[in-house]
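Here's the structure we're looking at; comments come further down.
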Amino acid sequence: MRFAVRRTIFYLITAWAAVTINFLIPRLMPGDPVTALMGRMQGRIDSNAEQSIRVLFGLDTESSVWQQYVDYWGLLLRGDLGLSFTFFPTPVADIVQQALPWTVGLVGIATIIAFTLGTLVGTAIGWRRGTWADSLLPITTFFSAVPYFWLGLIAITVFSVTLGWFPSSGSYDRGLVPTWSWEFVGSVIYYGFLPALTVVLSSVAGWILGMRNMMVTVSSEDYVTVAHAKGLPERAVTVGYAARNAILPQVSSFALSLGFVVGGTLIMEMVFSYQGIGYTLFQAVNTQDYPLMQGCFLVITLAVLGANIIADFVYAALDPRTRQEG
Amino acid sequence: MTASTLHVPTAGPGAGDPVLEIENLSVDYGYTDDATHVLRDVSLTLHRGEVLGLAGESGCGKSTLAYAAMRLLPPPGLITSGSVHFTDRDGTRTDVLRQSDAELRASRWQDMSVVFQGAMNSLNPVFRIGRQIADGILAHRPRTTRKEALEQAAGLLEMVGINADRARDYPHQLSGGMRQRVMIAMALALDPQVLIMDEPTTALDVVMQRQIVEEIADLRERLGFSVVFITHDVSLLIEIADRIAIMYAGDVVEDARAQDVYRRPRHPYSSALLHSFPPLRGERRELTGIPGAPPDMQRMPPGCPFAPRCAHTTDVCREVRPALGPTALADRGEQEAARRVACHLHDAAAGRGGGSLPAGLAR
Ligand SMILES: Nc1ncnc2c1ncn2[C@@H]1O[C@H](COP(=O)(O)OP(=O)(O)OP(=O)(O)O)[C@@H](O)[C@H]1O
Ligand SMILES: [Mg+2]
């Protein structure tokens with residue numbers, strides 16, 4: 001159990017550092033975005049909101065940096081990330097909250113599918129190395145080498161524009177009311193299919209290659225030879241001895257890629273105009289919406305951190321050596 | 001006979017029936033024409049209840065022979081010719097190289113089990129050791145329950161001197177010597193008839209080596225399996241083996257009773273090998289070592305592979321590869337007649353009572 005405590009402390013410190021950096025960065029930026037904003041909004045910001053923005057941006061020169069830092073934590077803990085400039089006066093927290101499920105849902109599921117599929121295929125190819133299965137490798141390498149935005153554009157050209165099978169942008173039929181109805185869920189799946197497909201296609205190759213190479217490495221380990229010598233059934237050797245060890249590095253990479261689900265989907269969401277966190281960040285950058293950017297960054301940081309926590313514990317569950325005390 | 005504390009032969013050489021017969025086995029690494037011929041026509045017979053020592057310099061093909069006999073050669077290893085026969089307790093003789101995959105899997109570990117050279121890495125790092133011993137039992141004895149198998153595993157650990165509680169440990173929690181013992185326990189799980197041990201003690205300190213060797217000797221006496229014991233430590237073999245086969249560059253060059261090899265080597269290489277380590281007891285002798293290095297297996301010269309390093313080389317040695325056959329002194333008696341050696345000196349001296357043999361090889 002000491003392992004869990006140690007890891008928890010480690011992650012708390014990391015989270016604290018991430019938030020603190022997020023607090024410091026706007027204070028290092030030149031200029032005064034708030035005054036600029038005030039000018040743009042021409043008095044439509046009340047003085048309370050202005051104070052809150054100033055605290056978030058470190059522009060309330062009256063109080064000390066320490067006081068600012070304490071206030072900043074206070075706002076964060078209440079879930080107040082300030083107000084968006086672009087969508088004024090919508091709070092940033094609301095915008096992020098709306099965008100996040102779309103990204104996590106679409107890219108998260110696509111990543112899990114790609115990981116599962118890639119690992120299974122990689123196991124099979126790795127175990128039967130030197131057979132026809134190896135000829136699949138160049139195909140997968142091709143898909144991983146193609147730049148993502150190009151793959152996305154090709155998919156849109158072929159399946160949306162030419163064939164008309166799938167919509168080219170958006171996340172659901174705008175004529176529907178977002179509820180948990182079959183119709184709406186069906187529409188979400190229909191709209192999400194093409195983006196998800198491109199994400200899976202572009203990332204599955206990495207999983208296949210990674211798993212195949214690990215399988216080849218692990219297959220020549222002594223303990224796999226021993227498993228053969230013991231006369232264990234082929235399946236038991238493949239799954240329990242070879243794949244069980246080959247998957248360990250895959251799990252670490254999977255954790256990292258889960259972290260990137262939130263941050264790394266910028267291009268996909270841009271190409272498909274998908275209303276996720278990446279698209280939101282894209283808009284925020286375009287319109288110099290600092291509070292929204294800061295909010296997005298915070299969420300992305302925490303997501304990467306969260307994914308790492310999960311990965312750490314999964315890894316510990318899978319590999320007894322990492323659980324070793326001391 | 002030198003009093004050996006460890007070695008109590010349950011069956012003298014030749015007294016038992018053959019249990020494992022390797023005949024003219026050849027192994028290549030690589031599939032193309034320029035493959036390395038690592039084993040060439042190796043023949044070796046293990047008798048029931050016997051400890052057969054296999055010695056030779058590093059790289060001479062000892063492990064390859066063990067892997068090939070178990071059909072576990074890693075790619076690109078390939079058996080190109082020869083046969084391996086296993087004789088069961090009831091006398092049925094099976095051709096191991098012609099078994100189907102299913103038959104092979106069913107017979108493995110029950111007939112022949114093995115402790116590999118790299119016992120440090122022979123355990124799956126993510127499973128508890130008890131489970132790893134138990135899964136072999138479960139694979140072959142489907143009627144055993146999981147619980148029974150784990151109990152047996154704990155019993156096996158006790159047998160090799162490891163506390164049964166350690167069955168719940170992971171491999172990384174054990175010391176090197178303990179892992180080695182676990183591997184031995186695992187290899188004995190199904191009461192095999194042949195146990196191949198590839199340098200089971202090389203990575204250990206001398207004290208631990210001795211303990212484990214004693215344990216093996218002890219277990220063999222109780223359980224009655226036959227052992228192929230591979231090592232480059234000839235002095236160890238002289239103590240525990242009934243018979244010793246000396247390998248050189250992919251060939252067995254001498255095959256005789258352990259004491260005979262020790263006291264009366266017939267092959268110049270065996271003699272040189274024995275002079276490269278201090279004698280255990282008895283008269284002191286000069287340590288000489290062996291000049292030169294083993295040949296490159298990829299470019300083997302014709303003729304005897306030992307010729308470039310041999311003190312008695314003649315023209316025929318450089319051209320014709322000697323075959324394993326009787327010694328020139330075969331008429332000295334039954335024991336001598338059972339010896340095998342691969343050397344032209346013996347072919348030349350045959351029928352002349354070994355008169356032309358160098359003194360060191362005609363003791
Ligand atoms: N995969 C391989 N490809 C090519 N040659 C190989 C391969 N594996 C082993 N060899 C060669 O086969 C020969 C015999 O190797 P082997 O492992 O059987 O030696 P050994 O007698 O067990 O040596 P050691 O005492 O060091 O364990 C060596 O010359 C080695 O170079
Ligand atoms: Mg070896």
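We label chains A, B, ... in the order they appear in the structure tokens, count residues from 1 in each chain, and number ligands from 1 in the order shown.
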Could you write out as a compact mmCIF listing (two decimals) with N, CA and C atoms, in the first residue's frame the residues of chain B within 10 Å of chain A, counting only C-alpha atoms?
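Printed below is result_8.txt as written:
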# COMPACT_ATOMS: atom_id res chain seq x y z
N TYR B 67 19.33 -28.19 -26.81
CA TYR B 67 18.12 -27.62 -27.43
C TYR B 67 17.61 -28.52 -28.55
N MET B 70 15.73 -31.52 -27.49
CA MET B 70 14.39 -31.21 -26.99
C MET B 70 13.53 -30.55 -28.06
N ARG B 71 14.07 -30.41 -29.23
CA ARG B 71 13.38 -29.71 -30.32
C ARG B 71 12.99 -28.28 -29.93
N LEU B 72 13.92 -27.61 -29.30
CA LEU B 72 13.64 -26.24 -28.86
C LEU B 72 14.61 -25.25 -29.49
N LEU B 73 15.26 -25.65 -30.58
CA LEU B 73 16.25 -24.77 -31.20
C LEU B 73 15.61 -23.45 -31.57
N PRO B 74 16.21 -22.34 -31.15
CA PRO B 74 15.66 -21.04 -31.55
C PRO B 74 16.01 -20.79 -33.02
N PRO B 75 15.17 -20.07 -33.76
CA PRO B 75 15.54 -19.74 -35.12
C PRO B 75 16.81 -18.91 -35.11
N ASP B 101 3.17 -32.03 -33.41
CA ASP B 101 3.22 -30.96 -32.41
C ASP B 101 2.47 -31.35 -31.13
N ALA B 102 1.31 -31.96 -31.31
CA ALA B 102 0.50 -32.31 -30.15
C ALA B 102 1.18 -33.39 -29.31
N GLU B 103 1.73 -34.41 -29.98
CA GLU B 103 2.43 -35.47 -29.25
C GLU B 103 3.63 -34.90 -28.50
N LEU B 104 4.33 -34.03 -29.21
CA LEU B 104 5.52 -33.43 -28.62
C LEU B 104 5.15 -32.67 -27.35
N ARG B 105 4.08 -31.85 -27.48
CA ARG B 105 3.67 -31.05 -26.34
C ARG B 105 3.27 -31.94 -25.17
N ALA B 106 2.57 -33.05 -25.49
CA ALA B 106 2.12 -33.93 -24.42
C ALA B 106 3.30 -34.62 -23.74
N SER B 107 4.34 -34.93 -24.49
CA SER B 107 5.44 -35.68 -23.90
C SER B 107 6.46 -34.79 -23.19
N ARG B 108 6.54 -33.56 -23.62
CA ARG B 108 7.51 -32.67 -23.00
C ARG B 108 7.30 -32.56 -21.50
N TRP B 109 8.39 -32.39 -20.80
CA TRP B 109 8.38 -32.18 -19.35
C TRP B 109 8.07 -33.46 -18.59
N GLN B 110 7.28 -34.40 -19.18
CA GLN B 110 7.04 -35.67 -18.50
C GLN B 110 8.19 -36.60 -18.81
N MET B 112 11.13 -35.66 -20.80
CA MET B 112 12.40 -34.95 -20.68
C MET B 112 12.11 -33.54 -20.20
N SER B 113 12.84 -33.10 -19.21
CA SER B 113 12.71 -31.70 -18.82
C SER B 113 14.11 -31.11 -18.80
N VAL B 114 14.18 -29.81 -18.65
CA VAL B 114 15.46 -29.16 -18.85
C VAL B 114 15.60 -27.95 -17.92
N VAL B 115 16.81 -27.74 -17.45
CA VAL B 115 17.14 -26.51 -16.73
C VAL B 115 18.10 -25.75 -17.63
N PHE B 116 17.67 -24.60 -18.10
CA PHE B 116 18.47 -23.90 -19.11
C PHE B 116 19.64 -23.15 -18.50
N GLN B 117 20.56 -22.84 -19.38
CA GLN B 117 21.77 -22.12 -18.99
C GLN B 117 21.43 -20.79 -18.32
N GLY B 118 20.47 -20.07 -18.90
CA GLY B 118 20.12 -18.76 -18.34
C GLY B 118 19.03 -18.87 -17.31
N ALA B 119 19.26 -19.62 -16.24
CA ALA B 119 18.18 -19.82 -15.28
C ALA B 119 17.75 -18.49 -14.65
N MET B 120 18.61 -17.48 -14.75
CA MET B 120 18.24 -16.18 -14.23
C MET B 120 17.01 -15.63 -14.96
N ASN B 121 16.93 -15.92 -16.25
CA ASN B 121 15.82 -15.39 -17.04
C ASN B 121 14.81 -16.47 -17.40
N SER B 122 14.89 -17.60 -16.75
CA SER B 122 14.01 -18.70 -17.12
C SER B 122 12.65 -18.60 -16.46
N LEU B 123 12.48 -17.64 -15.56
CA LEU B 123 11.18 -17.51 -14.90
C LEU B 123 10.45 -16.29 -15.44
N ASN B 124 9.17 -16.48 -15.68
CA ASN B 124 8.33 -15.39 -16.16
C ASN B 124 8.22 -14.33 -15.06
N PRO B 125 8.68 -13.10 -15.33
CA PRO B 125 8.75 -12.10 -14.25
C PRO B 125 7.40 -11.68 -13.69
N VAL B 126 6.32 -11.94 -14.40
CA VAL B 126 5.04 -11.40 -13.93
C VAL B 126 4.16 -12.43 -13.21
N PHE B 127 4.61 -13.67 -13.13
CA PHE B 127 3.81 -14.67 -12.40
C PHE B 127 4.55 -15.12 -11.14
N ARG B 128 3.75 -15.48 -10.12
CA ARG B 128 4.35 -16.03 -8.90
C ARG B 128 4.98 -17.38 -9.23
N GLN B 132 3.94 -20.77 -11.64
CA GLN B 132 4.71 -21.21 -12.80
C GLN B 132 5.04 -22.69 -12.71
N ILE B 133 5.23 -23.18 -11.49
CA ILE B 133 5.46 -24.62 -11.36
C ILE B 133 4.15 -25.35 -11.59
N ASP B 135 1.53 -24.50 -13.38
CA ASP B 135 0.89 -24.53 -14.71
C ASP B 135 1.44 -25.68 -15.57
N GLY B 136 2.70 -26.06 -15.33
CA GLY B 136 3.22 -27.23 -16.03
C GLY B 136 2.48 -28.50 -15.60
N ILE B 137 2.21 -28.59 -14.29
CA ILE B 137 1.49 -29.76 -13.78
C ILE B 137 0.09 -29.81 -14.36
N LEU B 138 -0.57 -28.64 -14.36
CA LEU B 138 -1.96 -28.59 -14.84
C LEU B 138 -2.05 -28.93 -16.33
N ALA B 139 -1.03 -28.52 -17.10
CA ALA B 139 -1.09 -28.77 -18.53
C ALA B 139 -1.03 -30.26 -18.85
N HIS B 140 -0.37 -31.03 -17.99
CA HIS B 140 -0.20 -32.46 -18.28
C HIS B 140 -1.12 -33.35 -17.47
N ASP B 169 6.02 -15.77 -3.93
CA ASP B 169 6.95 -14.72 -4.34
C ASP B 169 7.01 -14.61 -5.86
N TYR B 170 7.41 -13.43 -6.29
CA TYR B 170 7.71 -13.25 -7.71
C TYR B 170 9.19 -13.51 -7.92
N PRO B 171 9.58 -13.86 -9.16
CA PRO B 171 10.99 -14.20 -9.40
C PRO B 171 11.97 -13.13 -8.93
N HIS B 172 11.61 -11.85 -9.07
CA HIS B 172 12.59 -10.83 -8.72
C HIS B 172 12.84 -10.76 -7.21
N GLN B 173 11.99 -11.43 -6.44
CA GLN B 173 12.19 -11.42 -4.99
C GLN B 173 13.13 -12.52 -4.52
N MET B 183 14.04 -23.50 -10.62
CA MET B 183 14.05 -24.12 -11.95
C MET B 183 14.21 -25.64 -11.83
N MET B 186 10.99 -27.03 -10.68
CA MET B 186 10.05 -27.01 -11.79
C MET B 186 10.33 -28.15 -12.76
N ALA B 187 11.61 -28.38 -13.02
CA ALA B 187 11.97 -29.43 -13.97
C ALA B 187 11.60 -30.82 -13.45
N ALA B 189 8.91 -31.42 -11.64
CA ALA B 189 7.49 -31.42 -11.24
C ALA B 189 6.74 -32.65 -11.73
N LEU B 190 7.06 -33.14 -12.91
CA LEU B 190 6.28 -34.24 -13.47
C LEU B 190 7.04 -35.56 -13.42
inquiry  = Could you list, as a list of chain:residue names, all protein and nucleic acid residues with an atom at most 7 Å from ligand 1, counting only C-alpha atoms and all ligand atoms?
reply    = B:Tyr29, B:Gly30, B:Thr36, B:Val38, B:Gly56, B:Glu57, B:Ser58, B:Gly59, B:Cys60, B:Gly61, B:Lys62, B:Ser63, B:Thr64, B:Leu65, B:Pro74, B:Pro75, B:Pro76, B:Gly77, B:Thr231, B:His232, B:Met297
Can I get the selected residues back with N, CA, C and O atoms, as a PDB file, in the first residue's frame?
ATOM      1  N   TYR B  29      22.964 -23.302 -38.104  1.00  0.00           N
ATOM      2  CA  TYR B  29      22.323 -22.022 -37.827  1.00  0.00           C
ATOM      3  C   TYR B  29      22.293 -21.257 -39.136  1.00  0.00           C
ATOM      4  O   TYR B  29      23.331 -20.958 -39.699  1.00  0.00           O
ATOM      5  N   GLY B  30      21.109 -20.946 -39.614  1.00  0.00           N
ATOM      6  CA  GLY B  30      20.954 -20.277 -40.907  1.00  0.00           C
ATOM      7  C   GLY B  30      20.347 -21.240 -41.906  1.00  0.00           C
ATOM      8  O   GLY B  30      20.552 -22.446 -41.825  1.00  0.00           O
ATOM      9  N   THR B  36      26.017 -21.842 -40.687  1.00  0.00           N
ATOM     10  CA  THR B  36      27.071 -22.388 -39.838  1.00  0.00           C
ATOM     11  C   THR B  36      26.687 -23.799 -39.417  1.00  0.00           C
ATOM     12  O   THR B  36      25.619 -24.001 -38.847  1.00  0.00           O
ATOM     13  N   VAL B  38      26.910 -26.181 -36.884  1.00  0.00           N
ATOM     14  CA  VAL B  38      27.348 -26.156 -35.497  1.00  0.00           C
ATOM     15  C   VAL B  38      27.522 -27.562 -34.925  1.00  0.00           C
ATOM     16  O   VAL B  38      28.457 -27.840 -34.189  1.00  0.00           O
ATOM     17  N   GLY B  56      33.224 -29.197 -22.636  1.00  0.00           N
ATOM     18  CA  GLY B  56      33.889 -28.635 -23.809  1.00  0.00           C
ATOM     19  C   GLY B  56      33.980 -27.139 -23.671  1.00  0.00           C
ATOM     20  O   GLY B  56      33.275 -26.541 -22.851  1.00  0.00           O
ATOM     21  N   GLU B  57      34.847 -26.545 -24.471  1.00  0.00           N
ATOM     22  CA  GLU B  57      35.040 -25.103 -24.384  1.00  0.00           C
ATOM     23  C   GLU B  57      33.768 -24.359 -24.772  1.00  0.00           C
ATOM     24  O   GLU B  57      32.911 -24.895 -25.473  1.00  0.00           O
ATOM     25  N   SER B  58      33.706 -23.110 -24.374  1.00  0.00           N
ATOM     26  CA  SER B  58      32.561 -22.279 -24.731  1.00  0.00           C
ATOM     27  C   SER B  58      32.403 -22.208 -26.245  1.00  0.00           C
ATOM     28  O   SER B  58      33.376 -22.048 -26.970  1.00  0.00           O
ATOM     29  N   GLY B  59      31.174 -22.368 -26.708  1.00  0.00           N
ATOM     30  CA  GLY B  59      30.908 -22.258 -28.138  1.00  0.00           C
ATOM     31  C   GLY B  59      31.056 -23.553 -28.910  1.00  0.00           C
ATOM     32  O   GLY B  59      30.947 -23.556 -30.128  1.00  0.00           O
ATOM     33  N   CYS B  60      31.298 -24.674 -28.218  1.00  0.00           N
ATOM     34  CA  CYS B  60      31.515 -25.917 -28.957  1.00  0.00           C
ATOM     35  C   CYS B  60      30.198 -26.591 -29.326  1.00  0.00           C
ATOM     36  O   CYS B  60      30.182 -27.588 -30.036  1.00  0.00           O
ATOM     37  N   GLY B  61      29.089 -26.076 -28.847  1.00  0.00           N
ATOM     38  CA  GLY B  61      27.798 -26.612 -29.272  1.00  0.00           C
ATOM     39  C   GLY B  61      27.081 -27.435 -28.224  1.00  0.00           C
ATOM     40  O   GLY B  61      26.137 -28.171 -28.549  1.00  0.00           O
ATOM     41  N   LYS B  62      27.451 -27.298 -26.969  1.00  0.00           N
ATOM     42  CA  LYS B  62      26.802 -28.083 -25.921  1.00  0.00           C
ATOM     43  C   LYS B  62      25.332 -27.713 -25.774  1.00  0.00           C
ATOM     44  O   LYS B  62      24.458 -28.581 -25.768  1.00  0.00           O
ATOM     45  N   SER B  63      25.078 -26.412 -25.672  1.00  0.00           N
ATOM     46  CA  SER B  63      23.684 -25.984 -25.514  1.00  0.00           C
ATOM     47  C   SER B  63      22.883 -26.332 -26.758  1.00  0.00           C
ATOM     48  O   SER B  63      21.725 -26.750 -26.661  1.00  0.00           O
ATOM     49  N   THR B  64      23.499 -26.142 -27.915  1.00  0.00           N
ATOM     50  CA  THR B  64      22.809 -26.456 -29.157  1.00  0.00           C
ATOM     51  C   THR B  64      22.351 -27.910 -29.155  1.00  0.00           C
ATOM     52  O   THR B  64      21.229 -28.219 -29.563  1.00  0.00           O
ATOM     53  N   LEU B  65      23.213 -28.798 -28.672  1.00  0.00           N
ATOM     54  CA  LEU B  65      22.859 -30.213 -28.611  1.00  0.00           C
ATOM     55  C   LEU B  65      21.651 -30.419 -27.696  1.00  0.00           C
ATOM     56  O   LEU B  65      20.709 -31.147 -28.033  1.00  0.00           O
ATOM     57  N   PRO B  74      16.209 -22.337 -31.146  1.00  0.00           N
ATOM     58  CA  PRO B  74      15.659 -21.036 -31.549  1.00  0.00           C
ATOM     59  C   PRO B  74      16.005 -20.787 -33.015  1.00  0.00           C
ATOM     60  O   PRO B  74      17.043 -21.263 -33.482  1.00  0.00           O
ATOM     61  N   PRO B  75      15.173 -20.069 -33.758  1.00  0.00           N
ATOM     62  CA  PRO B  75      15.536 -19.735 -35.119  1.00  0.00           C
ATOM     63  C   PRO B  75      16.814 -18.913 -35.108  1.00  0.00           C
ATOM     64  O   PRO B  75      17.009 -18.140 -34.170  1.00  0.00           O
ATOM     65  N   PRO B  76      17.705 -19.038 -36.089  1.00  0.00           N
ATOM     66  CA  PRO B  76      17.578 -19.840 -37.302  1.00  0.00           C
ATOM     67  C   PRO B  76      18.159 -21.246 -37.166  1.00  0.00           C
ATOM     68  O   PRO B  76      18.653 -21.788 -38.149  1.00  0.00           O
ATOM     69  N   GLY B  77      18.114 -21.836 -35.977  1.00  0.00           N
ATOM     70  CA  GLY B  77      18.653 -23.183 -35.796  1.00  0.00           C
ATOM     71  C   GLY B  77      17.791 -24.219 -36.496  1.00  0.00           C
ATOM     72  O   GLY B  77      16.571 -24.135 -36.480  1.00  0.00           O
ATOM     73  N   THR B 231      28.496 -28.661 -18.751  1.00  0.00           N
ATOM     74  CA  THR B 231      29.310 -27.651 -18.074  1.00  0.00           C
ATOM     75  C   THR B 231      30.656 -27.556 -18.775  1.00  0.00           C
ATOM     76  O   THR B 231      31.034 -28.425 -19.541  1.00  0.00           O
ATOM     77  N   HIS B 232      31.374 -26.447 -18.523  1.00  0.00           N
ATOM     78  CA  HIS B 232      32.751 -26.470 -19.004  1.00  0.00           C
ATOM     79  C   HIS B 232      33.711 -26.722 -17.849  1.00  0.00           C
ATOM     80  O   HIS B 232      34.907 -26.653 -18.001  1.00  0.00           O
ATOM     81  N   MET B 297      33.531 -21.604 -36.415  1.00  0.00           N
ATOM     82  CA  MET B 297      32.583 -22.605 -36.931  1.00  0.00           C
ATOM     83  C   MET B 297      32.080 -22.258 -38.322  1.00  0.00           C
ATOM     84  O   MET B 297      31.576 -23.102 -39.036  1.00  0.00           O
TER      85      MET B 297
END
Quiz prompt | Long-range neighbours of B:Ile244 as a list in words, 9 Å cut-off, only C-alpha atoms, 2 positions minimum in chain | solution =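 Returned residues: Val51, Leu52, Gly53, Leu54, Ala55, Val234, Leu237, Ile238, Ala241, Asp242, Ile246, Glu254, Asp255, Ala256, Arg257, Ala258, Gln259 and Val261 of chain B.
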Go ahead and write the selection's residues with all heavy atoms as a compact mmCIF listing (two decimals), in the first residue's frame.
# COMPACT_ATOMS: atom_id res chain seq x y z
N VAL B 51 24.30 -40.42 -14.98
CA VAL B 51 24.60 -39.00 -15.12
C VAL B 51 25.66 -38.88 -16.21
O VAL B 51 26.77 -39.37 -16.06
CB VAL B 51 25.15 -38.39 -13.82
CG1 VAL B 51 25.52 -36.93 -14.05
CG2 VAL B 51 24.13 -38.50 -12.71
N LEU B 52 25.26 -38.28 -17.31
CA LEU B 52 26.18 -38.11 -18.43
C LEU B 52 26.67 -36.67 -18.44
O LEU B 52 25.87 -35.74 -18.52
CB LEU B 52 25.46 -38.45 -19.74
CG LEU B 52 26.21 -38.12 -21.03
CD1 LEU B 52 27.48 -38.92 -21.14
CD2 LEU B 52 25.33 -38.38 -22.24
N GLY B 53 27.96 -36.50 -18.34
CA GLY B 53 28.51 -35.15 -18.37
C GLY B 53 28.89 -34.78 -19.79
O GLY B 53 29.38 -35.59 -20.55
N LEU B 54 28.61 -33.52 -20.12
CA LEU B 54 28.97 -33.04 -21.45
C LEU B 54 29.86 -31.82 -21.23
O LEU B 54 29.42 -30.84 -20.66
CB LEU B 54 27.69 -32.67 -22.19
CG LEU B 54 27.73 -32.50 -23.70
CD1 LEU B 54 28.25 -33.75 -24.36
CD2 LEU B 54 26.33 -32.19 -24.21
N ALA B 55 31.10 -31.95 -21.67
CA ALA B 55 32.04 -30.86 -21.40
C ALA B 55 32.67 -30.38 -22.69
O ALA B 55 32.67 -31.07 -23.69
CB ALA B 55 33.12 -31.34 -20.44
N VAL B 234 35.24 -29.31 -16.02
CA VAL B 234 35.47 -30.75 -16.08
C VAL B 234 35.67 -31.35 -14.70
O VAL B 234 35.25 -32.47 -14.42
CB VAL B 234 36.68 -31.07 -16.97
CG1 VAL B 234 36.73 -32.55 -17.29
CG2 VAL B 234 36.63 -30.27 -18.25
N LEU B 237 32.48 -32.37 -13.25
CA LEU B 237 31.92 -33.56 -13.90
C LEU B 237 32.55 -34.83 -13.38
O LEU B 237 31.87 -35.84 -13.17
CB LEU B 237 32.16 -33.47 -15.41
CG LEU B 237 31.18 -32.60 -16.17
CD1 LEU B 237 31.40 -32.79 -17.66
CD2 LEU B 237 29.76 -32.95 -15.80
N ILE B 238 33.86 -34.78 -13.15
CA ILE B 238 34.54 -35.99 -12.71
C ILE B 238 33.94 -36.46 -11.39
O ILE B 238 33.87 -37.65 -11.11
CB ILE B 238 36.05 -35.72 -12.60
CG1 ILE B 238 36.61 -35.56 -14.01
CG2 ILE B 238 36.77 -36.83 -11.87
CD1 ILE B 238 37.93 -34.88 -14.07
N ALA B 241 29.60 -37.14 -12.54
CA ALA B 241 29.13 -37.87 -13.72
C ALA B 241 29.58 -39.33 -13.70
O ALA B 241 30.62 -39.66 -13.15
CB ALA B 241 29.63 -37.19 -14.98
N ASP B 242 28.74 -40.20 -14.27
CA ASP B 242 29.14 -41.58 -14.47
C ASP B 242 29.99 -41.68 -15.73
O ASP B 242 30.95 -42.41 -15.80
CB ASP B 242 27.92 -42.48 -14.63
CG ASP B 242 27.04 -42.43 -13.41
OD1 ASP B 242 27.58 -42.63 -12.30
OD2 ASP B 242 25.83 -42.19 -13.55
N ILE B 246 33.24 -35.54 -24.23
CA ILE B 246 33.97 -34.30 -24.45
C ILE B 246 33.64 -33.81 -25.85
O ILE B 246 33.73 -34.57 -26.82
CB ILE B 246 35.49 -34.52 -24.35
CG1 ILE B 246 35.86 -35.20 -23.04
CG2 ILE B 246 36.25 -33.21 -24.56
CD1 ILE B 246 36.05 -34.29 -21.88
N GLU B 254 35.40 -37.56 -27.51
CA GLU B 254 35.69 -38.69 -26.64
C GLU B 254 34.48 -38.95 -25.76
O GLU B 254 33.81 -38.03 -25.31
CB GLU B 254 36.92 -38.43 -25.78
CG GLU B 254 37.23 -39.58 -24.84
CD GLU B 254 38.69 -39.66 -24.42
OE1 GLU B 254 39.44 -38.72 -24.69
OE2 GLU B 254 39.06 -40.69 -23.81
N ASP B 255 34.22 -40.24 -25.52
CA ASP B 255 33.04 -40.64 -24.76
C ASP B 255 33.45 -41.85 -23.93
O ASP B 255 33.72 -42.91 -24.49
CB ASP B 255 31.91 -40.97 -25.76
CG ASP B 255 30.65 -41.44 -25.06
OD1 ASP B 255 30.67 -41.63 -23.84
OD2 ASP B 255 29.63 -41.60 -25.75
N ALA B 256 33.54 -41.67 -22.60
CA ALA B 256 34.00 -42.78 -21.77
C ALA B 256 33.55 -42.57 -20.34
O ALA B 256 32.99 -41.52 -20.00
CB ALA B 256 35.52 -42.87 -21.82
N ARG B 257 33.82 -43.58 -19.48
CA ARG B 257 33.49 -43.44 -18.07
C ARG B 257 34.27 -42.28 -17.47
O ARG B 257 35.42 -42.03 -17.85
CB ARG B 257 33.85 -44.72 -17.32
CG ARG B 257 32.87 -45.85 -17.58
CD ARG B 257 33.37 -47.14 -16.98
NE ARG B 257 34.23 -46.87 -15.83
CZ ARG B 257 34.04 -47.41 -14.62
NH1 ARG B 257 33.03 -48.23 -14.42
NH2 ARG B 257 34.86 -47.14 -13.64
N ALA B 258 33.64 -41.62 -16.51
CA ALA B 258 34.24 -40.40 -15.97
C ALA B 258 35.65 -40.63 -15.47
O ALA B 258 36.58 -39.87 -15.78
CB ALA B 258 33.35 -39.86 -14.84
N GLN B 259 35.85 -41.70 -14.70
CA GLN B 259 37.18 -41.96 -14.15
C GLN B 259 38.20 -42.26 -15.24
O GLN B 259 39.36 -41.88 -15.14
CB GLN B 259 37.10 -43.12 -13.15
CG GLN B 259 36.38 -42.74 -11.86
CD GLN B 259 37.03 -41.53 -11.19
OE1 GLN B 259 38.25 -41.39 -11.19
NE2 GLN B 259 36.21 -40.63 -10.66
N VAL B 261 38.12 -41.05 -18.32
CA VAL B 261 38.48 -39.80 -18.98
C VAL B 261 39.50 -39.05 -18.11
O VAL B 261 40.48 -38.51 -18.59
CB VAL B 261 37.23 -38.93 -19.22
CG1 VAL B 261 37.64 -37.55 -19.72
CG2 VAL B 261 36.30 -39.59 -20.21
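Closest approach to ligand 2 among B:Glu199, B:Glu319, B:Asp90, B:Asp296 is made by B:Glu199 (distances from only C-alpha atoms and all ligand atoms).
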**OP:** Please provide the set of residues having any atom within 9 Å of stretch 156-171 of chain A, restricted to only C-alpha atoms, with same-chain residues fewer than 3 positions apart removed, written as an NGL selection string.
**Re:** :A and (102 or 151-153 or 174 or 187-194 or 271-275)
Q.
Need the shell around B:Val42: protein/DNA/RNA residues with any atom at most 12 Å away, counting only C-alpha atoms. Skip same-chain ones fewer than 6 positions apart. Format as an MDAnalysis selection string?
A. chainID B and resid 21:27 60:62 64:66 68:69 79:84 245:255 323:324 342
Might you pull out every residue within 12 Å of A:Ser144, with only C-alpha atoms counted and same-chain residues fewer than 2 positions away left off, and present them as a VMD selection string? chain A and resid 137 to 142 146 to 148 150 to 151 198 to 209
**Study point:** In stretch 216-328 of chain B, DSSP helix (DSSP H, G or I) residues written as a ChimeraX atom specification
**Key:** /B:216-223,234-240,258-263,268-274,297-299,307-309,315-319
